[in-house]
>>> print(open('upload16.csv').read())   # CSV, C-alpha atoms
chain,number,residue,atom,x,y,z
U,2,MET,CA,0.0,0.0,0.0
U,3,ALA,CA,1.3,3.4,-0.9
U,4,PRO,CA,2.3,5.5,2.2
U,5,SER,CA,-0.1,8.3,1.1
U,6,LEU,CA,-3.0,5.8,1.7
U,7,GLU,CA,-1.9,4.9,5.2
U,8,PRO,CA,-4.6,5.9,7.7
U,9,ALA,CA,-4.0,8.4,10.5
U,10,ARG,CA,-3.0,6.7,13.8
U,11,LEU,CA,-2.7,8.2,17.2
U,12,TYR,CA,-0.4,6.5,19.7
U,13,THR,CA,-1.4,7.4,23.2
U,14,ASP,CA,-0.3,6.6,26.8
U,15,CYS,CA,3.3,6.4,25.6
U,16,ARG,CA,6.7,7.9,26.4
U,17,LEU,CA,8.9,9.2,23.6
U,18,ALA,CA,12.6,9.2,23.1
U,19,THR,CA,12.5,11.7,20.2
U,20,MET,CA,16.3,11.9,19.7
U,21,ARG,CA,15.7,15.5,18.6
U,22,PRO,CA,18.8,17.6,18.5
U,23,ASP,CA,17.1,20.6,20.0
U,24,ARG,CA,16.3,18.7,23.2
U,25,PRO,CA,18.8,17.5,25.8
U,26,GLY,CA,19.8,13.8,25.9
U,27,LEU,CA,17.4,11.5,24.2
U,28,GLY,CA,14.7,14.2,23.8
U,29,VAL,CA,12.4,12.4,26.3
U,30,VAL,CA,8.7,13.3,26.5
U,31,GLU,CA,6.7,11.8,29.2
U,32,ALA,CA,2.9,11.5,29.0
U,33,ALA,CA,3.2,11.8,25.3
U,34,ALA,CA,1.2,11.3,22.1
U,35,LEU,CA,2.4,10.5,18.5
U,36,LEU,CA,0.3,11.1,15.5
U,37,THR,CA,1.0,9.7,12.0
U,38,ARG,CA,-0.8,10.2,8.8
U,39,GLY,CA,0.1,9.0,5.3
U,40,GLY,CA,3.2,7.3,6.6
U,41,ARG,CA,4.7,10.5,8.1
U,42,ILE,CA,4.8,11.8,11.6
U,43,VAL,CA,2.4,14.7,12.1
U,44,TYR,CA,2.9,15.3,15.9
U,45,ALA,CA,5.3,13.9,18.5
U,46,GLY,CA,5.1,15.6,21.9
U,47,PRO,CA,3.2,16.1,25.1
U,48,ALA,CA,-0.3,14.6,24.9
U,49,ALA,CA,-1.7,17.7,26.5
U,50,ASP,CA,-0.5,19.8,23.6
U,51,LEU,CA,-1.9,17.7,20.8
U,52,PRO,CA,-4.3,19.7,18.6
U,53,ALA,CA,-7.7,17.9,19.0
U,54,ALA,CA,-8.7,18.7,15.4
U,55,GLU,CA,-5.6,17.0,14.1
U,56,ALA,CA,-6.4,13.6,15.6
U,57,ARG,CA,-10.2,13.6,15.3
U,58,ASP,CA,-10.3,10.9,12.5
U,59,ALA,CA,-7.3,8.9,13.8
U,60,GLU,CA,-7.3,5.3,14.8
U,61,ARG,CA,-6.1,5.1,18.4
U,62,VAL,CA,-3.4,2.8,19.6
U,63,VAL,CA,-3.0,2.6,23.4
U,64,CYS,CA,0.6,1.9,24.3
U,65,ASP,CA,0.1,1.2,28.0
U,66,GLY,CA,3.1,3.4,29.0
U,67,ARG,CA,5.5,1.8,26.6
U,68,TRP,CA,8.4,3.8,25.1
U,69,ILE,CA,8.6,4.8,21.4
U,70,THR,CA,11.8,5.5,19.7
U,71,PRO,CA,12.6,6.0,16.0
U,72,GLY,CA,13.1,2.8,14.1
U,73,LEU,CA,16.6,1.6,14.6
U,74,ILE,CA,19.2,2.1,11.9
U,75,ASP,CA,22.1,-0.3,11.2
U,76,CYS,CA,24.4,2.0,9.2
U,77,HIS,CA,27.3,-0.4,8.5
U,78,THR,CA,26.8,-4.0,7.3
U,79,HIS,CA,28.2,-6.4,4.7
U,80,LEU,CA,24.9,-8.3,4.8
U,81,VAL,CA,24.9,-9.7,1.3
U,82,HIS,CA,27.4,-12.5,0.9
U,83,ALA,CA,27.6,-16.3,0.4
U,84,GLY,CA,29.2,-18.8,2.6
U,85,ASP,CA,30.8,-18.4,6.1
U,86,ARG,CA,34.2,-18.3,7.6
U,87,ALA,CA,33.8,-20.5,10.7
U,88,HIS,CA,37.1,-22.2,9.9
U,89,GLU,CA,39.0,-18.9,10.2
U,90,PHE,CA,37.3,-18.4,13.5
U,91,GLU,CA,38.9,-21.7,14.6
U,92,LEU,CA,42.3,-20.6,13.3
U,93,ARG,CA,42.1,-17.3,15.3
U,94,LEU,CA,41.3,-19.3,18.4
U,95,GLN,CA,44.6,-21.1,17.7
U,96,GLY,CA,46.5,-17.9,17.6
U,97,ALA,CA,46.4,-16.8,13.9
U,98,SER,CA,45.9,-13.0,13.4
U,99,TYR,CA,43.5,-11.3,11.0
U,100,GLU,CA,46.4,-10.1,8.9
U,101,GLU,CA,48.0,-13.6,8.8
U,102,ILE,CA,44.8,-15.2,7.6
U,103,ALA,CA,44.2,-12.6,5.0
U,104,ARG,CA,47.8,-12.9,3.6
U,105,ALA,CA,47.4,-16.7,3.4
U,106,GLY,CA,44.5,-16.3,1.0
U,107,GLY,CA,41.7,-16.3,3.6
U,108,GLY,CA,39.8,-13.4,4.9
U,109,ILE,CA,37.8,-11.3,2.5
U,110,VAL,CA,39.1,-13.2,-0.6
U,111,SER,CA,37.6,-16.5,0.7
U,112,THR,CA,34.2,-14.9,0.9
U,113,VAL,CA,34.8,-13.5,-2.6
U,114,ARG,CA,35.2,-17.0,-4.0
U,115,ALA,CA,31.9,-18.1,-2.4
U,116,THR,CA,30.0,-14.9,-3.5
U,117,ARG,CA,31.2,-15.1,-7.1
U,118,ALA,CA,29.8,-18.7,-7.3
U,119,ALA,CA,26.4,-17.6,-6.0
U,120,SER,CA,23.5,-16.4,-8.1
U,121,GLU,CA,21.4,-13.3,-7.2
U,122,ASP,CA,18.7,-15.6,-6.0
U,123,ASP,CA,21.2,-17.5,-3.8
U,124,LEU,CA,22.5,-14.3,-2.3
U,125,VAL,CA,19.0,-13.1,-1.5
U,126,ARG,CA,18.0,-16.4,0.0
U,127,GLN,CA,21.1,-16.6,2.2
U,128,THR,CA,20.8,-13.0,3.3
U,129,LEU,CA,17.1,-12.8,4.3
U,130,PRO,CA,17.6,-14.7,7.6
U,131,ARG,CA,20.3,-12.2,8.6
U,132,LEU,CA,18.0,-9.3,7.6
U,133,ASP,CA,15.1,-10.8,9.4
U,134,ALA,CA,17.1,-11.0,12.6
U,135,LEU,CA,17.7,-7.2,12.4
U,136,ILE,CA,14.1,-6.4,11.6
U,137,ALA,CA,13.0,-8.4,14.6
U,138,GLU,CA,14.9,-6.0,16.8
U,139,GLY,CA,13.1,-2.9,15.5
U,140,VAL,CA,15.5,-2.0,12.7
U,141,THR,CA,13.8,-0.1,9.8
U,142,THR,CA,16.8,1.0,7.8
U,143,VAL,CA,19.9,-1.1,6.9
U,144,GLU,CA,23.0,-0.1,5.0
U,145,VAL,CA,24.3,-2.9,2.8
U,146,LYS,CA,27.8,-2.9,1.1
U,147,SER,CA,29.1,-4.8,-1.8
U,148,GLY,CA,32.8,-5.7,-1.8
U,149,TYR,CA,32.7,-9.5,-2.0
U,150,GLY,CA,32.8,-9.6,-5.8
U,151,LEU,CA,35.8,-7.5,-6.7
U,152,ASP,CA,34.8,-7.8,-10.3
U,153,ARG,CA,32.1,-5.9,-12.2
U,154,GLU,CA,29.7,-8.8,-12.6
U,155,THR,CA,29.6,-9.9,-9.0
U,156,GLU,CA,29.7,-6.4,-7.5
U,157,LEU,CA,26.6,-5.5,-9.6
U,158,ARG,CA,25.0,-8.8,-8.6
U,159,GLN,CA,25.6,-8.1,-4.9
U,160,LEU,CA,24.1,-4.6,-5.2
U,161,ARG,CA,21.1,-5.9,-7.1
U,162,ALA,CA,20.5,-8.5,-4.4
U,163,ALA,CA,20.7,-5.8,-1.8
U,164,ARG,CA,18.1,-3.7,-3.6
U,165,ARG,CA,15.9,-6.8,-3.8
U,166,LEU,CA,16.0,-7.1,0.0
U,167,GLY,CA,14.0,-3.9,0.2
U,168,ARG,CA,11.3,-5.4,-2.0
U,169,GLU,CA,11.2,-8.7,-0.2
U,170,ARG,CA,10.9,-7.1,3.2
U,171,ASP,CA,9.4,-3.9,4.5
U,172,VAL,CA,12.7,-2.2,5.2
U,173,ASP,CA,14.7,0.7,3.8
U,174,ILE,CA,17.9,-0.6,2.2
U,175,VAL,CA,20.7,1.9,1.6
U,176,THR,CA,23.4,0.5,-0.7
U,177,THR,CA,27.1,1.2,-0.8
U,178,PHE,CA,29.6,0.2,-3.5
U,179,LEU,CA,32.8,-1.2,-1.9
U,180,GLY,CA,34.8,-2.3,-4.8
U,181,ALA,CA,38.0,-1.1,-3.1
U,182,HIS,CA,37.6,-3.7,-0.3
U,183,ALA,CA,40.5,-6.1,-1.1
U,184,LEU,CA,42.8,-7.1,-3.9
U,185,PRO,CA,41.3,-10.1,-5.9
U,186,PRO,CA,43.7,-13.0,-6.6
U,187,GLU,CA,43.7,-12.5,-10.3
U,188,ALA,CA,45.2,-9.0,-9.8
U,189,GLN,CA,48.5,-10.7,-8.9
U,190,GLY,CA,49.4,-8.0,-6.4
U,191,ASP,CA,49.0,-5.1,-8.8
U,192,LYS,CA,46.9,-2.6,-6.7
U,193,ALA,CA,47.2,0.3,-9.2
U,194,ALA,CA,45.8,-1.8,-12.0
U,195,TYR,CA,42.9,-3.0,-9.8
U,196,ILE,CA,42.1,0.5,-8.6
U,197,ALA,CA,42.0,1.6,-12.2
U,198,ARG,CA,39.4,-1.2,-12.9
U,199,VAL,CA,37.3,0.0,-9.9
U,200,VAL,CA,37.5,3.6,-11.1
U,201,ASP,CA,37.1,3.1,-14.9
U,202,ASP,CA,34.9,0.0,-15.1
U,203,MET,CA,33.1,-1.0,-12.0
U,204,LEU,CA,32.1,2.3,-10.6
U,205,PRO,CA,30.7,3.8,-13.8
U,206,ALA,CA,28.6,0.6,-14.3
U,207,VAL,CA,27.3,0.8,-10.7
U,208,ALA,CA,26.4,4.4,-11.2
U,209,ALA,CA,24.7,3.8,-14.6
U,210,GLU,CA,22.3,1.3,-13.0
U,211,GLY,CA,21.7,3.5,-10.0
U,212,LEU,CA,22.7,0.7,-7.7
U,213,ALA,CA,24.7,2.6,-5.1
U,214,ASP,CA,23.8,5.4,-2.7
U,215,ALA,CA,27.4,5.9,-1.6
U,216,VAL,CA,31.0,4.7,-2.3
U,217,ASP,CA,33.2,3.1,0.4
U,218,GLY,CA,36.8,1.9,0.6
U,219,PHE,CA,39.2,0.0,2.9
U,220,CYS,CA,42.2,2.1,3.7
U,221,GLU,CA,44.7,-0.3,5.4
U,222,GLY,CA,48.0,-2.0,5.0
U,223,ILE,CA,46.3,-5.2,3.9
U,224,ALA,CA,44.0,-3.3,1.6
U,225,PHE,CA,44.7,0.1,-0.1
U,226,SER,CA,46.7,3.2,0.5
U,227,SER,CA,45.3,6.6,1.1
U,228,ASP,CA,46.5,7.7,-2.4
U,229,GLU,CA,44.7,4.7,-4.0
U,230,ILE,CA,41.5,5.4,-2.0
U,231,ALA,CA,41.7,9.0,-3.1
U,232,ARG,CA,41.5,8.0,-6.7
U,233,VAL,CA,38.3,6.1,-5.9
U,234,PHE,CA,36.9,9.1,-4.1
U,235,GLU,CA,37.7,11.5,-6.9
U,236,ALA,CA,35.8,9.2,-9.3
U,237,ALA,CA,32.8,9.1,-6.9
U,238,ARG,CA,32.9,12.8,-6.6
U,239,ARG,CA,32.7,13.1,-10.4
U,240,LEU,CA,29.6,10.9,-10.4
U,241,GLY,CA,28.0,12.8,-7.6
U,242,LEU,CA,28.1,10.0,-5.1
U,243,PRO,CA,29.0,10.6,-1.4
U,244,VAL,CA,31.8,8.6,0.2
U,245,LYS,CA,32.5,6.8,3.4
U,246,LEU,CA,35.6,4.9,4.6
U,247,HIS,CA,36.8,1.9,6.5
U,248,ALA,CA,39.6,3.8,8.3
U,249,ASP,CA,42.3,3.3,10.9
U,250,GLN,CA,41.1,-0.1,12.0
U,251,LEU,CA,44.4,-1.9,12.3
U,252,SER,CA,46.9,1.0,11.9
U,253,ASN,CA,46.9,4.7,11.4
U,254,LEU,CA,47.3,5.5,7.7
U,255,GLY,CA,45.5,8.8,8.1
U,256,GLY,CA,42.2,7.4,7.0
U,257,ALA,CA,40.1,9.6,9.2
U,258,ALA,CA,41.7,12.7,7.8
U,259,LEU,CA,41.4,11.4,4.3
U,260,ALA,CA,37.7,10.8,4.8
U,261,ALA,CA,37.2,14.2,6.2
U,262,ARG,CA,39.1,15.8,3.2
U,263,TYR,CA,36.4,14.4,0.9
U,264,GLY,CA,33.5,15.4,3.1
U,265,ALA,CA,32.7,11.7,3.8
U,266,LEU,CA,29.4,10.9,5.4
U,267,SER,CA,31.3,8.6,7.8
U,268,ALA,CA,34.6,7.0,8.8
U,269,ASP,CA,34.2,3.6,10.3
U,270,HIS,CA,36.2,1.5,12.8
U,271,LEU,CA,38.7,4.2,13.8
U,272,GLU,CA,40.6,2.2,16.6
U,273,HIS,CA,43.9,4.0,15.6
U,274,THR,CA,42.6,7.4,14.8
U,275,ASP,CA,44.7,10.3,16.3
U,276,GLU,CA,43.8,13.8,17.5
U,277,ALA,CA,44.4,15.3,14.1
U,278,GLY,CA,42.0,12.8,12.5
U,279,ALA,CA,39.3,13.4,15.1
U,280,ALA,CA,39.7,17.2,14.6
U,281,ALA,CA,39.4,16.8,10.8
U,282,MET,CA,36.3,14.7,11.1
U,283,ALA,CA,34.7,17.2,13.4
U,284,ALA,CA,35.4,20.1,11.0
U,285,ALA,CA,34.0,18.1,8.1
U,286,GLY,CA,30.9,16.8,9.9
U,287,THR,CA,32.0,13.2,9.2
U,288,VAL,CA,30.3,10.7,11.6
U,289,ALA,CA,32.5,8.2,13.5
U,290,VAL,CA,30.8,4.8,13.1
U,291,ILE,CA,31.8,2.6,16.1
U,292,LEU,CA,31.9,-1.1,15.4
U,293,PRO,CA,32.4,-3.1,18.6
U,294,GLY,CA,31.5,-6.4,17.0
U,295,ALA,CA,34.7,-6.5,14.9
U,296,PHE,CA,36.8,-5.3,17.9
U,297,TYR,CA,35.4,-8.1,20.0
U,298,PHE,CA,35.5,-10.8,17.4
U,299,ILE,CA,39.1,-10.4,16.3
U,300,ARG,CA,40.1,-9.7,19.9
U,301,GLU,CA,41.6,-6.3,19.3
U,302,THR,CA,43.1,-4.4,22.3
U,303,LYS,CA,43.3,-0.9,20.8
U,304,ARG,CA,40.0,0.8,21.5
U,305,PRO,CA,38.6,3.7,19.4
U,306,PRO,CA,39.4,7.1,20.9
U,307,ILE,CA,35.9,7.8,22.3
U,308,ASP,CA,37.2,10.6,24.6
U,309,LEU,CA,38.9,12.3,21.6
U,310,PHE,CA,35.7,12.2,19.6
U,311,ARG,CA,33.8,13.7,22.5
U,312,ALA,CA,36.3,16.4,23.0
U,313,ALA,CA,36.4,17.3,19.3
U,314,GLY,CA,32.7,17.2,18.9
U,315,VAL,CA,32.6,14.3,16.5
U,316,ARG,CA,29.2,12.6,16.1
U,317,MET,CA,29.2,8.9,16.9
U,318,ALA,CA,27.0,6.1,15.4
U,319,VAL,CA,27.0,2.4,16.3
U,320,ALA,CA,26.5,-0.5,13.9
U,321,THR,CA,26.8,-4.3,13.7
U,322,ASP,CA,29.4,-4.4,10.9
U,323,CYS,CA,27.6,-7.7,10.1
U,324,ASN,CA,30.0,-9.7,7.9
U,325,PRO,CA,31.2,-13.3,7.7
U,326,GLY,CA,34.8,-12.9,8.8
U,327,THR,CA,35.2,-10.3,11.6
U,328,SER,CA,31.7,-9.6,12.9
U,329,PRO,CA,29.1,-12.3,12.2
U,330,MET,CA,26.6,-10.4,14.3
U,331,THR,CA,22.9,-9.7,13.5
U,332,SER,CA,21.9,-8.0,16.7
U,333,LEU,CA,22.0,-4.2,16.9
U,334,LEU,CA,20.9,-4.5,20.5
U,335,LEU,CA,24.0,-6.5,21.3
U,336,ALA,CA,26.1,-3.9,19.5
U,337,LEU,CA,24.7,-1.3,21.9
U,338,ASN,CA,25.8,-3.3,24.9
U,339,MET,CA,29.2,-3.9,23.5
U,340,ALA,CA,29.7,-0.2,22.7
U,341,ALA,CA,28.8,0.7,26.3
U,342,THR,CA,30.7,-2.2,27.9
U,343,LEU,CA,33.9,-2.3,25.8
U,344,PHE,CA,34.2,1.4,24.9
U,345,ARG,CA,32.4,3.1,27.8
U,346,MET,CA,30.0,4.9,25.5
U,347,THR,CA,27.0,6.3,27.5
U,348,VAL,CA,23.5,5.1,27.1
U,349,ASP,CA,22.5,8.3,25.4
U,350,GLU,CA,25.5,8.0,23.0
U,351,CYS,CA,24.6,4.4,22.2
U,352,LEU,CA,20.9,5.1,21.5
U,353,LEU,CA,21.5,8.2,19.5
U,354,GLY,CA,24.1,6.2,17.7
U,355,VAL,CA,21.5,3.7,16.2
U,356,THR,CA,19.0,6.4,15.5
U,357,ARG,CA,19.9,10.1,14.8
U,358,GLU,CA,23.6,9.7,14.2
U,359,ALA,CA,23.2,6.5,12.2
U,360,ALA,CA,20.8,8.4,10.0
U,361,ARG,CA,23.3,11.2,9.7
U,362,ALA,CA,26.0,8.6,8.7
U,363,LEU,CA,23.8,7.5,5.8
U,364,GLY,CA,22.8,11.0,4.7
U,365,ARG,CA,19.2,10.2,5.7
U,366,LEU,CA,18.7,12.5,8.7
U,367,SER,CA,16.2,14.6,6.8
U,368,ASP,CA,13.9,11.6,6.6
U,369,VAL,CA,14.6,9.3,9.5
U,370,GLY,CA,16.4,9.0,12.8
U,371,THR,CA,14.3,11.3,15.0
U,372,LEU,CA,10.6,11.6,16.0
U,373,GLU,CA,9.7,14.9,14.4
U,374,PRO,CA,6.8,16.2,12.3
U,375,GLY,CA,7.4,15.6,8.6
U,376,LYS,CA,9.7,12.6,9.0
U,377,ALA,CA,8.9,9.0,8.1
U,378,ALA,CA,6.7,7.1,10.6
U,379,ASP,CA,9.4,4.5,11.2
U,380,LEU,CA,9.0,3.6,14.9
U,381,ALA,CA,9.9,1.0,17.4
U,382,VAL,CA,7.7,0.5,20.5
U,383,TRP,CA,9.4,-1.1,23.5
U,384,THR,CA,8.2,-2.8,26.6
U,385,VAL,CA,10.8,-1.3,28.9
U,386,GLU,CA,10.7,0.9,32.0
U,387,ARG,CA,13.5,3.2,30.8
U,388,PRO,CA,15.5,3.4,27.5
U,389,ALA,CA,18.7,2.3,29.3
U,390,GLU,CA,17.3,-1.3,29.2
U,391,LEU,CA,17.9,-1.4,25.4
U,392,VAL,CA,21.6,-1.0,26.2
U,393,TYR,CA,21.8,-2.9,29.5
U,394,ARG,CA,20.2,-6.2,28.6
U,395,LEU,CA,22.0,-9.1,26.9
U,396,GLY,CA,20.2,-11.6,24.7
U,397,PHE,CA,16.8,-10.1,25.4
U,398,ASN,CA,14.6,-8.4,22.9
U,399,PRO,CA,11.9,-6.1,24.4
U,400,LEU,CA,10.4,-5.0,21.1
U,401,HIS,CA,6.6,-4.8,21.3
U,402,ALA,CA,5.9,-3.4,17.8
U,403,ARG,CA,7.8,-2.2,14.7
U,404,ILE,CA,6.1,0.5,12.5
U,405,ARG,CA,7.5,1.2,9.1
U,406,ARG,CA,6.1,4.1,7.1
U,407,GLY,CA,3.1,4.1,9.4
U,408,ARG,CA,2.3,0.4,8.8
>>> encode(input="upload16.csv", output="structure tokens")
Amino acid sequence: MAPSLEPARLYTDCRLATMRPDRPGLGVVEAAALLTRGGRIVYAGPAADLPAAEARDAERVVCDGRWITPGLIDCHTHLVHAGDRAHEFELRLQGASYEEIARAGGGIVSTVRATRAASEDDLVRQTLPRLDALIAEGVTTVEVKSGYGLDRETELRQLRAARRLGRERDVDIVTTFLGAHALPPEAQGDKAAYIARVVDDMLPAVAAEGLADAVDGFCEGIAFSSDEIARVFEAARRLGLPVKLHADQLSNLGGAALAARYGALSADHLEHTDEAGAAAMAAAGTVAVILPGAFYFIRETKRPPIDLFRAAGVRMAVATDCNPGTSPMTSLLLALNMAATLFRMTVDECLLGVTREAARALGRLSDVGTLEPGKAADLAVWTVERPAELVYRLGFNPLHARIRRGR
């Protein structure tokens, strides 16, 4: 059903965490009401201030004191892929490092082999259970990257499969082209030639089909240098596509500053980011996407500089980084607890990080991420006594209802 045909609904006897930037903390409103019409929010505030005429024809939904937040947003995933890397998990338990596994032909390249062998239907079928797990936790927007094809045909297939997810399920899928993710075996070590294929062949084909909302890259010793990523970003700029970057995860190659220089929507991971990188991100408005799942899974010890980001005024988002090799996690609620427990992010920072700041990291803040009039009626209704429960609990899902575009 088209959003314009969605009936008006009035949610009463509720409490709101609006996430509005003009209100302190989570923008809490007690004794609240929320009115939606045509799939958009019409009113979100104190019940006593709701204009009676606005809600006269609305269907009433009594929430029995439950909390309503914006629908959650997972702003960094590699959801579409084939196969798994459980064997590499076993190797890491025996002491092998992420870099050692990658240099021995495992890591990203092993997933590339499986993904190249999968059809579009195979990719959709294997991905849907992962997507369903996120949806079951109140997620209404999911970013999905390519990067497991590393050739034009498979990169396009991954992105087409990602777009199909949004037709198979009632969820907003934001797609990102990540051709500069790793060097495929057939490149025989020639990074310059491969980056030329990304820039001159893959990226124009992706743009021609309108399959990507943004362009990403992996700036790291086991991936690509800042100069090589800059070539990709220049090409993205010529095509009018925004950029984001896997930056400073295993070392500091200046990825945060590089992302900021190109006005990136986000820089992600950031364990090794320094003060200059944080300052550059703050000046550019680039969001820091914190990914505790990968930190935990590969047993890193260098934490992202949360205090630096706070001091510089860098906005922070939180995401699952769902991927088969370093973060096979399909729980955004678990990512919240990890961000708080491992990195000492506050409850407010965590919850803003999967709503308002996650929307900002995707360039979607004008449409989702807060409870404000005019925005999409993407909501999550929770059976909790206080929002902190969403961060505090482990392995427990208190979602009562998920509303997507008013449905």
>>> atom_distance(input="upload16.csv", atom1="atom CA of Ala336 of chain U", atom2="atom CA of Thr78 of chain U")
12.2 Å
>>> residues_around(input="upload16.csv", residues="Arg357 of chain U", least_positions_apart="5", cutoff="9 Å", atoms="only C-alpha atoms", output="PDB file with C-alpha atoms, in the frame of the given file")
ATOM      1  CA  MET U  20      16.300  11.900  19.700  1.00  0.00           C
ATOM      2  CA  ARG U  21      15.700  15.500  18.600  1.00  0.00           C
ATOM      3  CA  PRO U  22      18.800  17.600  18.500  1.00  0.00           C
ATOM      4  CA  PRO U  71      12.600   6.000  16.000  1.00  0.00           C
ATOM      5  CA  ILE U  74      19.200   2.100  11.900  1.00  0.00           C
ATOM      6  CA  ALA U 318      27.000   6.100  15.400  1.00  0.00           C
ATOM      7  CA  LEU U 352      20.900   5.100  21.500  1.00  0.00           C
ATOM      8  CA  ALA U 362      26.000   8.600   8.700  1.00  0.00           C
ATOM      9  CA  LEU U 366      18.700  12.500   8.700  1.00  0.00           C
ATOM     10  CA  VAL U 369      14.600   9.300   9.500  1.00  0.00           C
ATOM     11  CA  GLY U 370      16.400   9.000  12.800  1.00  0.00           C
ATOM     12  CA  THR U 371      14.300  11.300  15.000  1.00  0.00           C
TER      13      THR U 371
END
>>> closest_residue(input="upload16.csv", among="U:Gly190, U:Gly26, U:Pro47, U:Gly264", to="Ile223 of chain U", atoms="all atoms listed in the file")
U:Gly190
>>> closest_residue(input="upload16.csv", among="U:Leu309, U:Leu157, U:Leu73, U:Val43", to="Leu334 of chain U", atoms="all atoms listed in the file")
U:Leu73
>>> residues_around(input="upload16.csv", residues="Ser332 of chain U", least_positions_apart="5", cutoff="8 Å", atoms="only C-alpha atoms", output="count of residues only")
4
>>> atom_distance(input="upload16.csv", atom1="atom CA of Val382 of chain U", atom2="atom CA of Ala402 of chain U")
5.1 Å
>>> residues_around(input="upload16.csv", residues="Ile291 of chain U", least_positions_apart="5", cutoff="9 Å", atoms="all atoms listed in the file", output="PDB file with C-alpha atoms, in the coordinates of the input")
ATOM      1  CA  ALA U 268      34.600   7.000   8.800  1.00  0.00           C
ATOM      2  CA  ASP U 269      34.200   3.600  10.300  1.00  0.00           C
ATOM      3  CA  HIS U 270      36.200   1.500  12.800  1.00  0.00           C
ATOM      4  CA  LEU U 271      38.700   4.200  13.800  1.00  0.00           C
ATOM      5  CA  GLU U 272      40.600   2.200  16.600  1.00  0.00           C
ATOM      6  CA  PRO U 305      38.600   3.700  19.400  1.00  0.00           C
ATOM      7  CA  MET U 317      29.200   8.900  16.900  1.00  0.00           C
ATOM      8  CA  ALA U 318      27.000   6.100  15.400  1.00  0.00           C
ATOM      9  CA  VAL U 319      27.000   2.400  16.300  1.00  0.00           C
ATOM     10  CA  ALA U 320      26.500  -0.500  13.900  1.00  0.00           C
ATOM     11  CA  THR U 321      26.800  -4.300  13.700  1.00  0.00           C
ATOM     12  CA  ALA U 340      29.700  -0.200  22.700  1.00  0.00           C
ATOM     13  CA  GLY U 354      24.100   6.200  17.700  1.00  0.00           C
TER      14      GLY U 354
END
>>> closest_residue(input="upload16.csv", among="U:Pro325, U:Pro399, U:Gly28, U:Gly222", to="Arg16 of chain U", atoms="all atoms listed in the file")
U:Gly28
>>> atom_distance(input="upload16.csv", atom1="atom CA of Phe344 of chain U", atom2="atom CA of Leu259 of chain U")
24.0 Å
>>> residues_around(input="upload16.csv", residues="Leu80 of chain U", least_positions_apart="3", cutoff="7 Å", atoms="all atoms listed in the file", output="ChimeraX atom specification")
/U:128,145,323-324
>>> residues_near_point(input="upload16.csv", point="(16.2, -10.1, 3.1)", cutoff="8 Å", atoms="all atoms listed in the file", output="list in words")
Val125, Arg126, Thr128, Leu129, Pro130, Arg131, Leu132, Asp133, Ala163, Arg165, Leu166, Gly167, Glu169 and Arg170 of chain U
>>> residues_around(input="upload16.csv", residues="Asp275 of chain U", least_positions_apart="4", cutoff="12 Å", atoms="all atoms listed in the file", output="MDAnalysis selection string")
chainID U and resid 248:250 252:258 271 279:282 304:310 313
>>> closest_residue(input="upload16.csv", among="U:Ile404, U:Ala162, U:Ile69, U:Val199", to="Pro388 of chain U", atoms="all atoms listed in the file")
U:Ile69
>>> closest_residue(input="upload16.csv", among="U:Arg387, U:Arg41, U:Arg93, U:Arg153", to="Ala206 of chain U", atoms="only C-alpha atoms")
U:Arg153
>>> closest_residue(input="upload16.csv", among="U:Arg361, U:Arg10, U:Arg300, U:Arg117", to="Val63 of chain U", atoms="only C-alpha atoms")
U:Arg10
>>> residues_near_point(input="upload16.csv", point="(46.5, -13.0, 0.0)", cutoff="9 Å", atoms="all atoms listed in the file", output="compact mmCIF listing (two decimals) with C-alpha atoms, in the coordinates of the input")
# COMPACT_ATOMS: atom_id res chain seq x y z
CA GLU U 101 48.00 -13.60 8.80
CA ILE U 102 44.80 -15.20 7.60
CA ALA U 103 44.20 -12.60 5.00
CA ARG U 104 47.80 -12.90 3.60
CA ALA U 105 47.40 -16.70 3.40
CA GLY U 106 44.50 -16.30 1.00
CA GLY U 107 41.70 -16.30 3.60
CA GLY U 108 39.80 -13.40 4.90
CA VAL U 110 39.10 -13.20 -0.60
CA LEU U 184 42.80 -7.10 -3.90
CA PRO U 185 41.30 -10.10 -5.90
CA PRO U 186 43.70 -13.00 -6.60
CA GLY U 190 49.40 -8.00 -6.40
CA ILE U 223 46.30 -5.20 3.90
>>> build_atoms(input="upload16.csv", residues="segment 273-278 of chain U", atoms="N, CA and C atoms", output="PDB file, in the frame of the given file")
ATOM      1  N   HIS U 273      42.546   3.316  15.592  1.00  0.00           N
ATOM      2  CA  HIS U 273      43.900   4.000  15.600  1.00  0.00           C
ATOM      3  C   HIS U 273      43.835   5.434  15.257  1.00  0.00           C
ATOM      4  N   THR U 274      42.673   6.032  15.211  1.00  0.00           N
ATOM      5  CA  THR U 274      42.600   7.400  14.800  1.00  0.00           C
ATOM      6  C   THR U 274      43.247   8.332  15.876  1.00  0.00           C
ATOM      7  N   ASP U 275      43.962   9.352  15.413  1.00  0.00           N
ATOM      8  CA  ASP U 275      44.700  10.300  16.300  1.00  0.00           C
ATOM      9  C   ASP U 275      43.896  11.582  16.453  1.00  0.00           C
ATOM     10  N   GLU U 276      44.470  12.487  17.224  1.00  0.00           N
ATOM     11  CA  GLU U 276      43.800  13.800  17.500  1.00  0.00           C
ATOM     12  C   GLU U 276      43.569  14.571  16.242  1.00  0.00           C
ATOM     13  N   ALA U 277      44.559  14.556  15.331  1.00  0.00           N
ATOM     14  CA  ALA U 277      44.400  15.300  14.100  1.00  0.00           C
ATOM     15  C   ALA U 277      43.250  14.732  13.247  1.00  0.00           C
ATOM     16  N   GLY U 278      43.144  13.406  13.221  1.00  0.00           N
ATOM     17  CA  GLY U 278      42.000  12.800  12.500  1.00  0.00           C
ATOM     18  C   GLY U 278      40.703  13.125  13.071  1.00  0.00           C
TER      19      GLY U 278
END
